[in-house]
Each structure stands twice: as C-alpha cells, then as structure tokens.
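S.K.: Following this message is one structure expressed as structure tokens.
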Amino acid sequence: MTTTPFTSPDTLTRRRLLGAALAVGAAVPLGLAGTARAAAGAPASVQLTLPGPTGPYPVGTVALHLVDAARPDPLAGPGRHRELMASVWYPARHVERHPLAPWTSPANLRALLTSADFPAEVAQVPLTAGHQSAPVRRSGRELLPVVVYSHGAHSHRADHTLMVQELASHGYVVVTVDHTYDAYTEFPDGRVLAPDPDRAMGPADFAADIRFVLDCVEELAAGRNPDADGRSLPEGLAGGIDPRRIGMFGWSKGGTATARVMLDDPRVQAGLSLDGPLLPTITGDLDRPFMMMTAQFTRAKEPSVAEFWTHLRGWRLNIQAEGAVHSSYGDNQVLIPQLAKVVKMTDQQLRALIGTLAPARAVRIQQAYPLAFFDLHLRYRRGHLLDGPSRAFPEVTFLP
C-alpha cells in the first residue's frame, strides 16, 4: 500500500492515503473499478455481511440527531449550529420485535460507492447485530459504562461496527458520531452530506465534537433526551449509563482526536488509538491509561507517535498485529474481500488494501483487545490478555 503526505498538519484523508474512497470505507485506485467494469461488464451486486459479536447479550442501537447550540456553524447557513448524527449501541433485551439495523443508510452507501467511481448497485448494505430501539438490558441498579468512538478522515460512524457491537454485547454503551463535513452522513430530514474538501477538519475539530457528545452522554445519564428532534429513546437508556466510567477510541485521525480529548477533558478515563498518526505532534503529558494498536503509524516510523509515547505517564501499551495495514483494525478487513470478488481484484491488489492479516484473525483481534482494555480500566476486571504475548494471538506483538 502506498501512502501519501498529509494534506495539512491536521488532516490525513482516506482518498489521498489509499487512492480513493471505496464503498465500505476502504479504498482502491480509481482506475481499478473502471478496469473491472470494462473487463466484465456491469458487475453483479454483492450482499455484504458482518460477523456477529461474541458477548452474552443481544445488542440494541438507536440514532440520535444532535445540535450543539454553543457552536454556530456559518457554513451551514445563518443562524445554524453544529449538527451531528450519532448512534448509541447497548446491551438489549426483548429484541424479537425489533428489526436489525443496517450498517449505514442506502443513501450513504450510494454516496460512498459513486465517490469511488463504482456503480451504485455494486453492493448492498450489510445488516448489523443491533436491534433498532430495543429496550436496554441492565443488571438490577447497575449503571452501564460508556465508550465513545471517533472515525478517520473522510469516513463515517459505522466504520468500526465490529468493535462497537462487540463492546455492546459485553455490557457497554457505545456512542459513535459522524464528524459532519468530514463524513458520509444522512440527517433525519433527508440531507445526505459527503466529506467536503473545502471544509477541512483537523483532530482538534473532531475533539470539539466529542466533547459535545460527552455533554450529551451526561444528559442521558441524568435522564434527559439530547435528540434535537425529541424522538423517543429506547426504554432504559436515559438514566441507565454511568458518566463516571467513560472511555474513548478512534481510528486514524479519530485516534489522534482520542489523545487530544483526553488531554483536555478529564471525563474520559481511558483511551485507545487505532493506528492514529498523532499529528500535529502532541507534547502534553497524559496520566490516564492509553493503548495504541499500531500498523502503519508505528513509533519506529512516525516521530509524532514516538513523541506522544514519551508523554504517557500512566498505564500504557503498544501492540501491533503482523501483516496489518492502516485499515486492518476495522470493518474494512472483512468487507473489502467481499467486494473484491465482484470487481475482480487480483490477490495482489487485495493484499495491497488489507495487508496479509487474515480477515478472520483480524476480527478476533478487534473483538478481544479493545474489550480487554476497557474491561481493565472501566470495569476493573483484570484478565491476562494485556499482560504479554498470547498463544491465542500469535500475530500480536507487544512493542516495548
């Protein structure tokens, strides 16, 4: 995989990093789609699928429309304020009458496909394990810990659904957010927005969004509904979460945003970066737990990552999976191979996109290590996975 420089000190775009955005949040060179179509005619449509979570609980999910009245958005028009779409994932009960939620909306998928010069009908939206608006499951009076998620540049909030639904199936509330103008997102009124190169956003902008999302988490914890349209919340969500146990994770620019949020906001107790470049260079000291799952942006290759590591004064861990590339710790690793069959990618082209880490192994790594991290630091459940190399995961190296 060929990488390219940042478009600015704050912004790493997926299109410039990998060539062009692919429908499922991956990427291939723009010419590949056209070549495949010319060789095989109009490609067939593939029904994409996602592996299910391993936890003991069914999963529920609900979308929220959030408006930050404290942040005017002149780019959206006079009198408008910053708008975000978010999803909340959680352990659920009585899910039988609640349909499974799609990975993203059909409109978003079409925008993702056409942005990469693919026909809109080449793939169908996969279903997730999340049951729409199912009641929240709680054990007695126990409040549920919370994890928030920030995506990468030119991406979307569904990009790491495998991790998100895995955490929810083990009893976490997970809040994912689209960073408007740097995401493929659809609002309740039907507006579909794509990443806008004229409205460049950096990790600091992502971090500002997340701090507002944390305010909304506190609203939920207090029993109030933060949805701007007043749509009903699933039974048990308001008043059911614990604002004293909040973690955060993010991929690429979202990983950098995770570090920035933790430096500025003590509400986040533990942070996980999925191959974040950590640019602009972060020089502030952080005394709370932080874990890095690196692939391309390693301490050996990226000075900003090495510098950030020296400022981690609390619990810290850096692991790397052999054969992983920048997008390997996410849904791309299982979705790209499905799409590759339709567009007639060669094995070499596929390896350039997802590396040599087998998709099934990538899924297990994504499910196991973030869960172990948040279990340790938000639930204080000490296992052994984070103690050192594991026979169950021979691909994973612990970097000193």
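Chains: A, B, ... in order of the structure tokens. Residues: from 1 per chain. Ligands: from 1, in order shown.
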Sort by chain and increasing residue number a table of all residues of stretch 114-170 of chain A within 9 Å of stretch 175-189 of chain A, each with its closest pair of atoms and their distance in Å to one decimal, counting only C-alpha atoms, and write it as a Markdown table.
M.R.:
| residue | atom | partner | partner_atom | distance |
| --- | --- | --- | --- | --- |
| A:Val146 | CA | A:Val175 | CA | 7.5 |
| A:Val147 | CA | A:Val175 | CA | 6.3 |
| A:Val148 | CA | A:Val175 | CA | 4.6 |
| A:Tyr149 | CA | A:Thr176 | CA | 4.8 |
| A:Ser150 | CA | A:Val177 | CA | 6.3 |
| A:His151 | CA | A:Asp178 | CA | 7.4 |
| A:Gly152 | CA | A:Asp182 | CA | 8.6 |
| A:Ala153 | CA | A:Asp182 | CA | 6.1 |
| A:His154 | CA | A:Asp182 | CA | 4.9 |
| A:Ser155 | CA | A:Ala183 | CA | 5.0 |
| A:His156 | CA | A:Ala183 | CA | 4.9 |
| A:Arg157 | CA | A:Asp178 | CA | 5.0 |
| A:Ala158 | CA | A:Thr176 | CA | 7.6 |
| A:Val164 | CA | A:Thr176 | CA | 8.2 |
S.K.: To test your reading of the structure, identify every residue in stretch 290-332 of chain A that backbone DSSP assigns to helix (DSSP H, G or I), and report it as a PyMOL selection string.
M.R.: chain A and resi 303-310+332
S.K.: With all heavy atoms retained, export the selected residues as an mmCIF file, in the first residue's frame.
M.R.:
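Final output, again35.cif:
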data_model
loop_
_atom_site.group_PDB
_atom_site.id
_atom_site.type_symbol
_atom_site.label_atom_id
_atom_site.label_comp_id
_atom_site.auth_asym_id
_atom_site.auth_seq_id
_atom_site.Cartn_x
_atom_site.Cartn_y
_atom_site.Cartn_z
ATOM 1 N N PRO A 303 7.686 9.916 13.920
ATOM 2 C CA PRO A 303 8.202 10.625 15.101
ATOM 3 C C PRO A 303 7.118 11.160 16.021
ATOM 4 O O PRO A 303 7.306 11.201 17.240
ATOM 5 C CB PRO A 303 9.020 11.769 14.473
ATOM 6 C CG PRO A 303 9.416 11.260 13.126
ATOM 7 C CD PRO A 303 8.264 10.417 12.663
ATOM 8 N N SER A 304 5.979 11.561 15.470
ATOM 9 C CA SER A 304 4.919 12.103 16.314
ATOM 10 C C SER A 304 4.350 11.036 17.244
ATOM 11 O O SER A 304 3.969 11.333 18.389
ATOM 12 C CB SER A 304 3.800 12.684 15.458
ATOM 13 O OG SER A 304 3.255 11.693 14.599
ATOM 14 N N VAL A 305 4.286 9.791 16.766
ATOM 15 C CA VAL A 305 3.804 8.693 17.611
ATOM 16 C C VAL A 305 4.823 8.390 18.704
ATOM 17 O O VAL A 305 4.476 8.182 19.873
ATOM 18 C CB VAL A 305 3.506 7.446 16.760
ATOM 19 C CG1 VAL A 305 3.049 6.284 17.644
ATOM 20 C CG2 VAL A 305 2.446 7.759 15.708
ATOM 21 N N ALA A 306 6.101 8.370 18.326
ATOM 22 C CA ALA A 306 7.159 8.136 19.315
ATOM 23 C C ALA A 306 7.176 9.236 20.369
ATOM 24 O O ALA A 306 7.363 8.963 21.571
ATOM 25 C CB ALA A 306 8.513 8.055 18.609
ATOM 26 N N GLU A 307 6.976 10.474 19.948
ATOM 27 C CA GLU A 307 6.957 11.586 20.895
ATOM 28 C C GLU A 307 5.783 11.464 21.866
ATOM 29 O O GLU A 307 5.944 11.648 23.081
ATOM 30 C CB GLU A 307 6.870 12.911 20.129
ATOM 31 C CG GLU A 307 6.687 14.151 20.991
ATOM 32 C CD GLU A 307 7.922 14.521 21.784
ATOM 33 O OE1 GLU A 307 9.015 14.001 21.475
ATOM 34 O OE2 GLU A 307 7.799 15.334 22.719
ATOM 35 N N PHE A 308 4.608 11.154 21.340
ATOM 36 C CA PHE A 308 3.433 11.011 22.215
ATOM 37 C C PHE A 308 3.657 9.921 23.251
ATOM 38 O O PHE A 308 3.292 10.082 24.417
ATOM 39 C CB PHE A 308 2.199 10.697 21.362
ATOM 40 C CG PHE A 308 0.962 10.443 22.163
ATOM 41 C CD1 PHE A 308 0.339 11.463 22.865
ATOM 42 C CD2 PHE A 308 0.406 9.161 22.226
ATOM 43 C CE1 PHE A 308 -0.812 11.217 23.609
ATOM 44 C CE2 PHE A 308 -0.731 8.913 22.968
ATOM 45 C CZ PHE A 308 -1.347 9.950 23.662
ATOM 46 N N TRP A 309 4.268 8.822 22.839
ATOM 47 C CA TRP A 309 4.527 7.709 23.758
ATOM 48 C C TRP A 309 5.313 8.165 24.987
ATOM 49 O O TRP A 309 5.072 7.694 26.097
ATOM 50 C CB TRP A 309 5.266 6.606 23.006
ATOM 51 C CG TRP A 309 5.607 5.382 23.798
ATOM 52 C CD1 TRP A 309 6.832 5.042 24.306
ATOM 53 C CD2 TRP A 309 4.716 4.316 24.171
ATOM 54 N NE1 TRP A 309 6.773 3.842 24.959
ATOM 55 C CE2 TRP A 309 5.483 3.374 24.892
ATOM 56 C CE3 TRP A 309 3.361 4.085 23.948
ATOM 57 C CZ2 TRP A 309 4.925 2.197 25.399
ATOM 58 C CZ3 TRP A 309 2.805 2.914 24.456
ATOM 59 C CH2 TRP A 309 3.582 1.988 25.175
ATOM 60 N N THR A 310 6.260 9.100 24.791
ATOM 61 C CA THR A 310 7.091 9.561 25.915
ATOM 62 C C THR A 310 6.304 10.406 26.898
ATOM 63 O O THR A 310 6.776 10.641 28.018
ATOM 64 C CB THR A 310 8.302 10.374 25.406
ATOM 65 O OG1 THR A 310 7.838 11.620 24.838
ATOM 66 C CG2 THR A 310 9.094 9.590 24.373
ATOM 67 N N ASN A 332 -13.274 -2.772 7.383
ATOM 68 C CA ASN A 332 -12.683 -2.947 6.057
ATOM 69 C C ASN A 332 -12.119 -4.341 5.842
ATOM 70 O O ASN A 332 -12.199 -4.896 4.750
ATOM 71 C CB ASN A 332 -11.530 -1.955 5.871
ATOM 72 C CG ASN A 332 -11.985 -0.524 5.842
ATOM 73 O OD1 ASN A 332 -13.157 -0.247 5.681
ATOM 74 N ND2 ASN A 332 -11.057 0.394 6.018
#
S.K.: If you count only C-alpha atoms, which residues fall within 10 Å of A:Trp251, apart from same-chain ones fewer than 6 positions away, as a list of chain:residue names?
M.R.: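 Final neighbour list, sorted by chain and number: A:Tyr149, A:Ser150, A:His151, A:Gly152, A:Ala153, A:Ser155, A:Asp159, A:His160, A:Ala257, A:Thr258, A:Leu272, A:Ser273, A:Leu274, A:Asp275, A:Gly276, A:Pro277, A:Met293, A:His326, A:Ser327, A:Tyr329, A:Gly330.
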S.K.: Now that the selection is made, can you save its residues with N, CA, C and O atoms as a CSV table (one decimal), in the first residue's frame?
M.R.:
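Written out: selection_11.csv:
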chain,number,residue,atom,x,y,z
A,149,TYR,N,-16.7,6.8,20.2
A,149,TYR,CA,-15.9,6.5,19.1
A,149,TYR,C,-15.8,7.6,18.1
A,149,TYR,O,-16.8,8.3,17.8
A,150,SER,N,-14.6,7.9,17.5
A,150,SER,CA,-14.3,8.9,16.5
A,150,SER,C,-13.7,8.2,15.3
A,150,SER,O,-12.7,7.5,15.4
A,151,HIS,N,-14.3,8.5,14.1
A,151,HIS,CA,-13.8,7.8,12.9
A,151,HIS,C,-12.6,8.5,12.3
A,151,HIS,O,-12.2,9.6,12.8
A,152,GLY,N,-12.1,8.0,11.2
A,152,GLY,CA,-11.0,8.6,10.5
A,152,GLY,C,-11.4,9.6,9.5
A,152,GLY,O,-12.6,9.9,9.3
A,153,ALA,N,-10.5,10.2,8.8
A,153,ALA,CA,-10.8,11.3,7.8
A,153,ALA,C,-11.6,10.7,6.6
A,153,ALA,O,-11.3,9.5,6.2
A,155,SER,N,-14.6,9.4,6.5
A,155,SER,CA,-15.1,8.1,6.8
A,155,SER,C,-16.5,8.3,7.4
A,155,SER,O,-17.3,9.2,6.9
A,159,ASP,N,-17.8,2.8,10.6
A,159,ASP,CA,-16.6,2.2,10.1
A,159,ASP,C,-16.0,1.1,11.0
A,159,ASP,O,-15.2,0.3,10.5
A,160,HIS,N,-16.3,1.1,12.3
A,160,HIS,CA,-15.8,0.1,13.2
A,160,HIS,C,-16.9,-0.6,14.0
A,160,HIS,O,-16.8,-0.8,15.2
A,257,ALA,N,-7.6,12.3,17.7
A,257,ALA,CA,-8.6,13.0,18.5
A,257,ALA,C,-8.8,12.5,19.8
A,257,ALA,O,-9.1,13.2,20.8
A,258,THR,N,-8.7,11.1,20.0
A,258,THR,CA,-8.8,10.5,21.3
A,258,THR,C,-7.8,11.0,22.2
A,258,THR,O,-8.1,11.4,23.4
A,272,LEU,N,-8.0,4.6,23.5
A,272,LEU,CA,-7.4,3.6,22.6
A,272,LEU,C,-7.3,4.2,21.2
A,272,LEU,O,-8.3,4.7,20.7
A,273,SER,N,-6.1,4.2,20.7
A,273,SER,CA,-5.9,4.7,19.3
A,273,SER,C,-5.6,3.6,18.4
A,273,SER,O,-4.8,2.7,18.6
A,274,LEU,N,-6.4,3.5,17.3
A,274,LEU,CA,-6.2,2.5,16.2
A,274,LEU,C,-5.4,3.1,15.1
A,274,LEU,O,-5.9,3.8,14.2
A,275,ASP,N,-4.1,3.0,15.2
A,275,ASP,CA,-3.2,3.5,14.2
A,275,ASP,C,-3.3,4.9,13.9
A,275,ASP,O,-3.3,5.4,12.7
A,276,GLY,N,-3.5,5.7,15.0
A,276,GLY,CA,-3.5,7.2,14.8
A,276,GLY,C,-2.1,7.7,14.5
A,276,GLY,O,-1.1,7.4,15.2
A,277,PRO,N,-2.0,8.7,13.6
A,277,PRO,CA,-0.7,9.3,13.3
A,277,PRO,C,-0.3,10.3,14.4
A,277,PRO,O,0.9,10.7,14.4
A,293,MET,N,-3.0,0.5,19.2
A,293,MET,CA,-2.9,-0.6,18.2
A,293,MET,C,-2.4,-0.1,16.9
A,293,MET,O,-3.1,0.6,16.2
A,326,HIS,N,-3.1,0.1,7.5
A,326,HIS,CA,-3.7,1.1,8.2
A,326,HIS,C,-5.2,0.9,8.5
A,326,HIS,O,-5.7,1.2,9.6
A,327,SER,N,-5.9,0.2,7.6
A,327,SER,CA,-7.3,0.0,7.7
A,327,SER,C,-7.7,-1.4,8.3
A,327,SER,O,-8.8,-1.7,8.4
A,329,TYR,N,-7.6,-2.7,11.3
A,329,TYR,CA,-8.3,-2.8,12.6
A,329,TYR,C,-9.7,-2.2,12.5
A,329,TYR,O,-10.1,-1.2,13.2
A,330,GLY,N,-10.5,-2.7,11.6
A,330,GLY,CA,-11.8,-2.2,11.3
A,330,GLY,C,-12.6,-3.1,10.4
A,330,GLY,O,-12.2,-4.1,10.0
S.K.: Could you check the closest approach to A:Asp205 for each of A:Ala168, A:Arg82, A:Glu235, A:Asn108 and tell me which residue wins, using only C-alpha atoms?
M.R.: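 Between A:Ala168, A:Arg82, A:Glu235, A:Asn108, the residue approaching A:Asp205 most closely is A:Arg82.
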S.K.: Would you please work out which residue, of A:Ile246, A:Leu312, A:Leu233, A:Ile319, is nearest to A:Val62 when using only C-alpha atoms?
M.R.: A:Leu233
S.K.: Pick the closest to A:Phe212 from A:Glu322, A:Glu121, A:Asp68, A:Glu166: which is it, counting only C-alpha atoms?
M.R.: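 The closest residue to A:Phe212 is A:Asp68.
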S.K.: Interatomic distance between atom CA of A:Pro135 and atom CA of A:Cys216?
M.R.: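 Interatomic distance here is 19.4 Å.
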S.K.: Of the candidates A:Ala129, A:Leu353, A:Ala300, A:Ala204, which shows the shortest atom-to-atom distance to A:Leu279, using only C-alpha atoms?
M.R.: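 Answer, going by the shortest atom-to-atom distance: A:Ala204.
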S.K.: Neighbours of stretch 356-369 of chain A within 7 Å (only C-alpha atoms; same-chain residues fewer than 4 positions away dropped), as JSON, numbers by chain?
M.R.: {"A": [163, 166, 322, 323, 324, 328, 329, 333, 334, 351, 373]}
S.K.: Quick one: pull the distance between atom CA of A:Ala207 and atom CA of A:Asp264, Å, one decimal.
M.R.: 8.9 Å
S.K.: Mind checking which residues fall within 10 Å of stretch 259-263 of chain A, counting only C-alpha atoms, ignoring those fewer than 6 positions away in the same chain, and posting them as a VMD selection string?
M.R.: chain A and resid 203 to 204 206 to 211 247 to 250 269 to 273 276 278 282 to 290 308
S.K.: Show me, as a list in words, the residues that have an atom within 7 Å of A:Val325 when counting only C-alpha atoms, minus same-chain residues fewer than 4 positions from it.
M.R.: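 What passes the distance filter is Ala295, Gln296, Ile354 and Gly355 of chain A.
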S.K.: Can you list, as a ChimeraX atom specification, every protein, DNA or RNA residue that comes within 10 Å of A:Arg244 when you count only C-alpha atoms, leaving out same-chain residues fewer than 3 positions away?
M.R.: /A:143-146,218,221,241,247,267-269,378
S.K.: In Å, rounded to a single decimal, give me how far atom CA of A:Thr54 is from atom CA of A:Pro234.
M.R.: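 One can read the atom CA of A:Pro234 to atom CA of A:Thr54 distance as 22.7 Å.
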S.K.: So which residues of stretch 67-230 of chain A fall under strand (DSSP E or B) by DSSP, listed as a PyMOL selection string?
M.R.: chain A and resi 67-72+81-92+100-102+123-124+127-132+136+144-150+155+173-177+183+185-186+192-193
S.K.: Return the single residue from A:Pro119, A:Pro243, A:Pro394, A:Gly190 that is closest to A:Gln320, with distances computed using only C-alpha atoms.
M.R.: A:Pro394
S.K.: Taking only C-alpha atoms into account, name the residue in A:Gln124, A:Asn318, A:Gln349, A:Thr281 that is nearest to A:Leu48.
M.R.: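 Comparing A:Gln124, A:Asn318, A:Gln349, A:Thr281 against A:Leu48, the winner is A:Gln124.
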